[in-house]
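Please read the structure below before turning to the comments.
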Amino acid sequence: MPKTDSFFNPEQYATVAERIELFYSRYPQGRINTELVSRADGEITFKAVVFRDAAETDPAATGWASERVGDSDINTVACLENTETSAVGRALANLGFIASGRRPSREEMEKTLRARTALAFGRRRESPPSLQTRANARDDVLQLLAVAEQKGFSSLRAEIIRGRVGGYPGLVLPRIRKIESALRHWVRRHEL
């Protein structure tokens with residue numbers, strides 16, 4: 001199956017609401033938890049975890065979603081909610097609840113269509129960040145790693161992050177900023 005459709009037919013895709021309905025009909029004692037992972041610089045990231053039973057301690061599936069405020073009409077007024085819904089849809093798809101013959105949810109395909117439309121009408125993305133901006137962000141992450149390690153952050157995980165952030169060619173700036181945000185969140189949680 002191709003990764004993109006030249007013609008998007010929404011009837012071929014299930015909504016996240018349909019996936020949720022299927023999940024609870026099969027696992028009435030199940031639960032879906034969401035977590036706002038980051039909300040910075042106009043970008044929102046959610047993680048969703050799905051448990052098939054109330055007694056489960058490890059999730060049966062996870063899903064992540066990230067959206068930018070203002071990227072579409074819906075993200076202008078309800079970006080937080082839209083991102084959370086997308087994460088739930090991805091987690092349920094990872095568990096096998098697609099409710100149609102296609103894995104992406106209708107909402108994900110509509111997002112793709114919005115992005116294509118924006119490109120077709122000449123909307124351009126921001127110019128790439130300068131090397132100095134990227135270097136500063138990398139240095140911020142490395143300093144945060146040192147602080148986190150002092151508070152008990154795993155040395156193995158820190159080395160992996162150092163390798164990814166500092167390696168050649170290195171990560172793109174949005175990814176570095178996500179790592180920085182996650183590290184700041186971790187450090188805040190462990191300051192108590």
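By convention in this document, the chains of the structure tokens carry letters A, B, ... by their order, each chain's residues are numbered from 1, and ligands are numbered from 1 in the order they are shown.
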
Which residues, written as a PyMOL selection string, have at least one atom at most 9 Å from Val50 of chain A, with only C-alpha atoms counted and residues fewer than 3 positions away on the same chain left out? chain A and resi 30-34+58-63+88+91-92+95

Residues near His190 of chain A, cut-off 12 Å, only C-alpha atoms, skip fewer than 5 positions along chain, as a list in words: Val147, Ala148, Glu149, Gln150, Lys151, Gly152, Phe153, Leu183, Arg184 and His185 of chain A

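Distances from A:Arg39, A:Arg52, A:Lys47, A:Arg188 to Phe23 of chain A were compared using only C-alpha atoms, and the smallest one belongs to A:Arg52.
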
When you look at segment 158-163 of chain A with a cut-off of 12 Å (counting only C-alpha atoms), what residues show up, excluding the ones that are within fewer than 5 positions of it in the same chain? I need them as a PDB file with all heavy atoms, in the first residue's frame.
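Result file follows (part.pdb):
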```pdb
ATOM      1  N   ARG A 138      21.934  22.601  21.286  1.00  0.00           N
ATOM      2  CA  ARG A 138      22.684  21.384  21.632  1.00  0.00           C
ATOM      3  C   ARG A 138      23.398  21.553  22.968  1.00  0.00           C
ATOM      4  O   ARG A 138      23.355  20.678  23.828  1.00  0.00           O
ATOM      5  CB  ARG A 138      23.685  21.063  20.525  1.00  0.00           C
ATOM      6  CG  ARG A 138      24.349  19.700  20.706  1.00  0.00           C
ATOM      7  CD  ARG A 138      25.642  19.594  19.984  1.00  0.00           C
ATOM      8  NE  ARG A 138      26.586  20.414  20.748  1.00  0.00           N
ATOM      9  CZ  ARG A 138      27.646  20.995  20.251  1.00  0.00           C
ATOM     10  NH1 ARG A 138      27.944  20.892  18.995  1.00  0.00           N
ATOM     11  NH2 ARG A 138      28.449  21.710  21.011  1.00  0.00           N
ATOM     12  N   ASP A 139      24.028  22.706  23.152  1.00  0.00           N
ATOM     13  CA  ASP A 139      24.732  22.970  24.414  1.00  0.00           C
ATOM     14  C   ASP A 139      23.764  22.995  25.596  1.00  0.00           C
ATOM     15  O   ASP A 139      24.096  22.504  26.685  1.00  0.00           O
ATOM     16  CB  ASP A 139      25.500  24.287  24.330  1.00  0.00           C
ATOM     17  CG  ASP A 139      26.711  24.197  23.413  1.00  0.00           C
ATOM     18  OD1 ASP A 139      27.114  23.063  23.062  1.00  0.00           O
ATOM     19  OD2 ASP A 139      27.238  25.264  23.043  1.00  0.00           O
ATOM     20  N   ASP A 140      22.570  23.554  25.394  1.00  0.00           N
ATOM     21  CA  ASP A 140      21.564  23.564  26.455  1.00  0.00           C
ATOM     22  C   ASP A 140      21.203  22.142  26.877  1.00  0.00           C
ATOM     23  O   ASP A 140      21.079  21.840  28.064  1.00  0.00           O
ATOM     24  CB  ASP A 140      20.301  24.303  26.010  1.00  0.00           C
ATOM     25  CG  ASP A 140      20.522  25.809  25.879  1.00  0.00           C
ATOM     26  OD1 ASP A 140      21.530  26.316  26.394  1.00  0.00           O
ATOM     27  OD2 ASP A 140      19.666  26.462  25.244  1.00  0.00           O
ATOM     28  N   VAL A 141      21.035  21.259  25.881  1.00  0.00           N
ATOM     29  CA  VAL A 141      20.696  19.863  26.181  1.00  0.00           C
ATOM     30  C   VAL A 141      21.835  19.202  26.938  1.00  0.00           C
ATOM     31  O   VAL A 141      21.609  18.493  27.930  1.00  0.00           O
ATOM     32  CB  VAL A 141      20.357  19.078  24.890  1.00  0.00           C
ATOM     33  CG1 VAL A 141      20.312  17.585  25.154  1.00  0.00           C
ATOM     34  CG2 VAL A 141      19.038  19.552  24.312  1.00  0.00           C
ATOM     35  N   LEU A 142      23.064  19.439  26.523  1.00  0.00           N
ATOM     36  CA  LEU A 142      24.206  18.817  27.192  1.00  0.00           C
ATOM     37  C   LEU A 142      24.334  19.304  28.641  1.00  0.00           C
ATOM     38  O   LEU A 142      24.637  18.511  29.537  1.00  0.00           O
ATOM     39  CB  LEU A 142      25.490  19.080  26.400  1.00  0.00           C
ATOM     40  CG  LEU A 142      25.521  18.452  24.996  1.00  0.00           C
ATOM     41  CD1 LEU A 142      26.796  18.849  24.261  1.00  0.00           C
ATOM     42  CD2 LEU A 142      25.369  16.947  25.053  1.00  0.00           C
ATOM     43  N   GLN A 143      24.065  20.584  28.888  1.00  0.00           N
ATOM     44  CA  GLN A 143      24.096  21.097  30.258  1.00  0.00           C
ATOM     45  C   GLN A 143      22.974  20.488  31.092  1.00  0.00           C
ATOM     46  O   GLN A 143      23.172  20.121  32.255  1.00  0.00           O
ATOM     47  CB  GLN A 143      23.983  22.623  30.253  1.00  0.00           C
ATOM     48  CG  GLN A 143      25.233  23.311  29.761  1.00  0.00           C
ATOM     49  CD  GLN A 143      25.053  24.822  29.649  1.00  0.00           C
ATOM     50  OE1 GLN A 143      23.989  25.360  29.897  1.00  0.00           O
ATOM     51  NE2 GLN A 143      26.126  25.501  29.259  1.00  0.00           N
ATOM     52  N   LEU A 144      21.794  20.366  30.493  1.00  0.00           N
ATOM     53  CA  LEU A 144      20.666  19.743  31.199  1.00  0.00           C
ATOM     54  C   LEU A 144      20.962  18.285  31.533  1.00  0.00           C
ATOM     55  O   LEU A 144      20.583  17.794  32.599  1.00  0.00           O
ATOM     56  CB  LEU A 144      19.394  19.822  30.362  1.00  0.00           C
ATOM     57  CG  LEU A 144      18.550  21.066  30.518  1.00  0.00           C
ATOM     58  CD1 LEU A 144      17.450  21.109  29.464  1.00  0.00           C
ATOM     59  CD2 LEU A 144      17.932  21.121  31.897  1.00  0.00           C
ATOM     60  N   LEU A 145      21.634  17.596  30.618  1.00  0.00           N
ATOM     61  CA  LEU A 145      22.002  16.204  30.882  1.00  0.00           C
ATOM     62  C   LEU A 145      22.893  16.102  32.106  1.00  0.00           C
ATOM     63  O   LEU A 145      22.728  15.196  32.930  1.00  0.00           O
ATOM     64  CB  LEU A 145      22.709  15.598  29.667  1.00  0.00           C
ATOM     65  CG  LEU A 145      21.816  14.978  28.606  1.00  0.00           C
ATOM     66  CD1 LEU A 145      22.646  14.575  27.397  1.00  0.00           C
ATOM     67  CD2 LEU A 145      21.053  13.798  29.151  1.00  0.00           C
ATOM     68  N   ALA A 146      23.844  17.024  32.234  1.00  0.00           N
ATOM     69  CA  ALA A 146      24.736  17.004  33.395  1.00  0.00           C
ATOM     70  C   ALA A 146      23.946  17.194  34.687  1.00  0.00           C
ATOM     71  O   ALA A 146      24.160  16.481  35.674  1.00  0.00           O
ATOM     72  CB  ALA A 146      25.807  18.080  33.250  1.00  0.00           C
ATOM     73  N   VAL A 147      23.008  18.127  34.667  1.00  0.00           N
ATOM     74  CA  VAL A 147      22.166  18.369  35.850  1.00  0.00           C
ATOM     75  C   VAL A 147      21.317  17.130  36.136  1.00  0.00           C
ATOM     76  O   VAL A 147      21.190  16.694  37.288  1.00  0.00           O
ATOM     77  CB  VAL A 147      21.285  19.618  35.640  1.00  0.00           C
ATOM     78  CG1 VAL A 147      20.242  19.755  36.738  1.00  0.00           C
ATOM     79  CG2 VAL A 147      22.146  20.864  35.541  1.00  0.00           C
ATOM     80  N   ALA A 148      20.720  16.565  35.082  1.00  0.00           N
ATOM     81  CA  ALA A 148      19.852  15.394  35.255  1.00  0.00           C
ATOM     82  C   ALA A 148      20.632  14.214  35.823  1.00  0.00           C
ATOM     83  O   ALA A 148      20.137  13.501  36.705  1.00  0.00           O
ATOM     84  CB  ALA A 148      19.203  15.028  33.928  1.00  0.00           C
ATOM     85  N   GLU A 149      21.852  14.010  35.353  1.00  0.00           N
ATOM     86  CA  GLU A 149      22.661  12.900  35.865  1.00  0.00           C
ATOM     87  C   GLU A 149      22.968  13.079  37.354  1.00  0.00           C
ATOM     88  O   GLU A 149      22.979  12.109  38.101  1.00  0.00           O
ATOM     89  CB  GLU A 149      23.959  12.775  35.069  1.00  0.00           C
ATOM     90  CG  GLU A 149      23.750  12.103  33.726  1.00  0.00           C
ATOM     91  CD  GLU A 149      25.048  11.929  32.973  1.00  0.00           C
ATOM     92  OE1 GLU A 149      25.648  12.954  32.588  1.00  0.00           O
ATOM     93  OE2 GLU A 149      25.461  10.768  32.783  1.00  0.00           O
ATOM     94  N   GLN A 150      23.154  14.309  37.773  1.00  0.00           N
ATOM     95  CA  GLN A 150      23.387  14.568  39.195  1.00  0.00           C
ATOM     96  C   GLN A 150      22.153  14.221  40.020  1.00  0.00           C
ATOM     97  O   GLN A 150      22.257  13.904  41.199  1.00  0.00           O
ATOM     98  CB  GLN A 150      23.753  16.034  39.421  1.00  0.00           C
ATOM     99  CG  GLN A 150      25.109  16.406  38.906  1.00  0.00           C
ATOM    100  CD  GLN A 150      25.379  17.908  39.012  1.00  0.00           C
ATOM    101  OE1 GLN A 150      24.505  18.691  39.357  1.00  0.00           O
ATOM    102  NE2 GLN A 150      26.609  18.291  38.702  1.00  0.00           N
ATOM    103  N   GLY A 152      20.154  11.692  39.279  1.00  0.00           N
ATOM    104  CA  GLY A 152      19.842  10.273  39.154  1.00  0.00           C
ATOM    105  C   GLY A 152      19.442   9.798  37.770  1.00  0.00           C
ATOM    106  O   GLY A 152      19.056   8.644  37.591  1.00  0.00           O
ATOM    107  N   PHE A 153      19.516  10.643  36.776  1.00  0.00           N
ATOM    108  CA  PHE A 153      19.203  10.238  35.408  1.00  0.00           C
ATOM    109  C   PHE A 153      20.193   9.164  34.963  1.00  0.00           C
ATOM    110  O   PHE A 153      21.388   9.250  35.261  1.00  0.00           O
ATOM    111  CB  PHE A 153      19.276  11.459  34.480  1.00  0.00           C
ATOM    112  CG  PHE A 153      18.715  11.241  33.107  1.00  0.00           C
ATOM    113  CD1 PHE A 153      17.346  11.270  32.889  1.00  0.00           C
ATOM    114  CD2 PHE A 153      19.544  11.022  32.021  1.00  0.00           C
ATOM    115  CE1 PHE A 153      16.827  11.092  31.628  1.00  0.00           C
ATOM    116  CE2 PHE A 153      19.040  10.839  30.750  1.00  0.00           C
ATOM    117  CZ  PHE A 153      17.666  10.875  30.547  1.00  0.00           C
ATOM    118  N   TYR A 168      27.432  13.630  14.297  1.00  0.00           N
ATOM    119  CA  TYR A 168      27.309  14.230  12.973  1.00  0.00           C
ATOM    120  C   TYR A 168      26.331  13.412  12.160  1.00  0.00           C
ATOM    121  O   TYR A 168      26.416  12.202  12.165  1.00  0.00           O
ATOM    122  CB  TYR A 168      28.667  14.279  12.269  1.00  0.00           C
ATOM    123  CG  TYR A 168      28.556  14.909  10.902  1.00  0.00           C
ATOM    124  CD1 TYR A 168      28.532  16.283  10.775  1.00  0.00           C
ATOM    125  CD2 TYR A 168      28.428  14.125   9.771  1.00  0.00           C
ATOM    126  CE1 TYR A 168      28.396  16.866   9.542  1.00  0.00           C
ATOM    127  CE2 TYR A 168      28.287  14.701   8.534  1.00  0.00           C
ATOM    128  CZ  TYR A 168      28.276  16.076   8.414  1.00  0.00           C
ATOM    129  OH  TYR A 168      28.130  16.653   7.196  1.00  0.00           O
ATOM    130  N   PRO A 169      25.389  13.968  11.444  1.00  0.00           N
ATOM    131  CA  PRO A 169      25.138  15.395  11.295  1.00  0.00           C
ATOM    132  C   PRO A 169      24.308  15.968  12.443  1.00  0.00           C
ATOM    133  O   PRO A 169      24.045  17.158  12.492  1.00  0.00           O
ATOM    134  CB  PRO A 169      24.363  15.482   9.988  1.00  0.00           C
ATOM    135  CG  PRO A 169      23.602  14.197   9.915  1.00  0.00           C
ATOM    136  CD  PRO A 169      24.489  13.182  10.584  1.00  0.00           C
ATOM    137  N   GLY A 170      23.905  15.146  13.382  1.00  0.00           N
ATOM    138  CA  GLY A 170      23.136  15.639  14.524  1.00  0.00           C
ATOM    139  C   GLY A 170      21.651  15.707  14.209  1.00  0.00           C
ATOM    140  O   GLY A 170      21.219  15.487  13.085  1.00  0.00           O
ATOM    141  N   LEU A 171      20.895  16.000  15.225  1.00  0.00           N
ATOM    142  CA  LEU A 171      19.445  16.075  15.088  1.00  0.00           C
ATOM    143  C   LEU A 171      19.020  17.453  14.608  1.00  0.00           C
ATOM    144  O   LEU A 171      19.733  18.435  14.790  1.00  0.00           O
ATOM    145  CB  LEU A 171      18.779  15.781  16.435  1.00  0.00           C
ATOM    146  CG  LEU A 171      19.068  14.408  17.037  1.00  0.00           C
ATOM    147  CD1 LEU A 171      18.490  14.333  18.437  1.00  0.00           C
ATOM    148  CD2 LEU A 171      18.493  13.312  16.166  1.00  0.00           C
ATOM    149  N   ARG A 175      13.762  18.598  17.002  1.00  0.00           N
ATOM    150  CA  ARG A 175      13.982  17.381  17.790  1.00  0.00           C
ATOM    151  C   ARG A 175      14.858  17.686  19.014  1.00  0.00           C
ATOM    152  O   ARG A 175      14.602  17.194  20.112  1.00  0.00           O
ATOM    153  CB  ARG A 175      14.630  16.299  16.922  1.00  0.00           C
ATOM    154  CG  ARG A 175      14.805  14.999  17.640  1.00  0.00           C
ATOM    155  CD  ARG A 175      13.464  14.356  17.933  1.00  0.00           C
ATOM    156  NE  ARG A 175      13.691  13.159  18.697  1.00  0.00           N
ATOM    157  CZ  ARG A 175      13.057  12.850  19.823  1.00  0.00           C
ATOM    158  NH1 ARG A 175      12.121  13.633  20.283  1.00  0.00           N
ATOM    159  NH2 ARG A 175      13.335  11.752  20.466  1.00  0.00           N
ATOM    160  N   ILE A 176      15.870  18.519  18.821  1.00  0.00           N
ATOM    161  CA  ILE A 176      16.723  18.904  19.946  1.00  0.00           C
ATOM    162  C   ILE A 176      15.888  19.628  20.999  1.00  0.00           C
ATOM    163  O   ILE A 176      16.017  19.387  22.192  1.00  0.00           O
ATOM    164  CB  ILE A 176      17.898  19.793  19.473  1.00  0.00           C
ATOM    165  CG1 ILE A 176      18.854  18.978  18.592  1.00  0.00           C
ATOM    166  CG2 ILE A 176      18.658  20.376  20.666  1.00  0.00           C
ATOM    167  CD1 ILE A 176      19.933  19.805  17.914  1.00  0.00           C
ATOM    168  N   LYS A 178      12.691  19.267  21.552  1.00  0.00           N
ATOM    169  CA  LYS A 178      11.822  18.297  22.227  1.00  0.00           C
ATOM    170  C   LYS A 178      12.585  17.564  23.321  1.00  0.00           C
ATOM    171  O   LYS A 178      12.071  17.342  24.412  1.00  0.00           O
ATOM    172  CB  LYS A 178      11.256  17.280  21.223  1.00  0.00           C
ATOM    173  CG  LYS A 178      10.116  17.790  20.420  1.00  0.00           C
ATOM    174  CD  LYS A 178       9.567  16.689  19.554  1.00  0.00           C
ATOM    175  CE  LYS A 178       8.460  17.212  18.678  1.00  0.00           C
ATOM    176  NZ  LYS A 178       7.909  16.184  17.815  1.00  0.00           N
ATOM    177  N   ILE A 179      13.818  17.184  23.006  1.00  0.00           N
ATOM    178  CA  ILE A 179      14.652  16.505  24.003  1.00  0.00           C
ATOM    179  C   ILE A 179      14.909  17.448  25.179  1.00  0.00           C
ATOM    180  O   ILE A 179      14.804  17.048  26.340  1.00  0.00           O
ATOM    181  CB  ILE A 179      15.975  16.013  23.370  1.00  0.00           C
ATOM    182  CG1 ILE A 179      15.681  14.879  22.376  1.00  0.00           C
ATOM    183  CG2 ILE A 179      16.963  15.569  24.436  1.00  0.00           C
ATOM    184  CD1 ILE A 179      16.862  14.496  21.514  1.00  0.00           C
ATOM    185  N   GLU A 180      15.206  18.708  24.868  1.00  0.00           N
ATOM    186  CA  GLU A 180      15.436  19.688  25.934  1.00  0.00           C
ATOM    187  C   GLU A 180      14.202  19.827  26.822  1.00  0.00           C
ATOM    188  O   GLU A 180      14.297  19.824  28.044  1.00  0.00           O
ATOM    189  CB  GLU A 180      15.794  21.049  25.331  1.00  0.00           C
ATOM    190  CG  GLU A 180      16.004  22.122  26.376  1.00  0.00           C
ATOM    191  CD  GLU A 180      16.224  23.491  25.783  1.00  0.00           C
ATOM    192  OE1 GLU A 180      16.224  23.648  24.549  1.00  0.00           O
ATOM    193  OE2 GLU A 180      16.384  24.434  26.581  1.00  0.00           O
ATOM    194  N   ALA A 182      11.796  17.649  27.304  1.00  0.00           N
ATOM    195  CA  ALA A 182      11.614  16.425  28.091  1.00  0.00           C
ATOM    196  C   ALA A 182      12.596  16.371  29.260  1.00  0.00           C
ATOM    197  O   ALA A 182      12.226  15.980  30.371  1.00  0.00           O
ATOM    198  CB  ALA A 182      11.779  15.198  27.192  1.00  0.00           C
ATOM    199  N   LEU A 183      13.832  16.779  29.027  1.00  0.00           N
ATOM    200  CA  LEU A 183      14.820  16.795  30.101  1.00  0.00           C
ATOM    201  C   LEU A 183      14.455  17.806  31.187  1.00  0.00           C
ATOM    202  O   LEU A 183      14.578  17.525  32.377  1.00  0.00           O
ATOM    203  CB  LEU A 183      16.211  17.115  29.546  1.00  0.00           C
ATOM    204  CG  LEU A 183      16.952  15.953  28.903  1.00  0.00           C
ATOM    205  CD1 LEU A 183      18.207  16.457  28.194  1.00  0.00           C
ATOM    206  CD2 LEU A 183      17.321  14.905  29.939  1.00  0.00           C
TER     207      LEU A 183
END
```

Here atom CA of Ala48 of chain A and atom CA of Ala87 of chain A stand apart by 5.4 Å
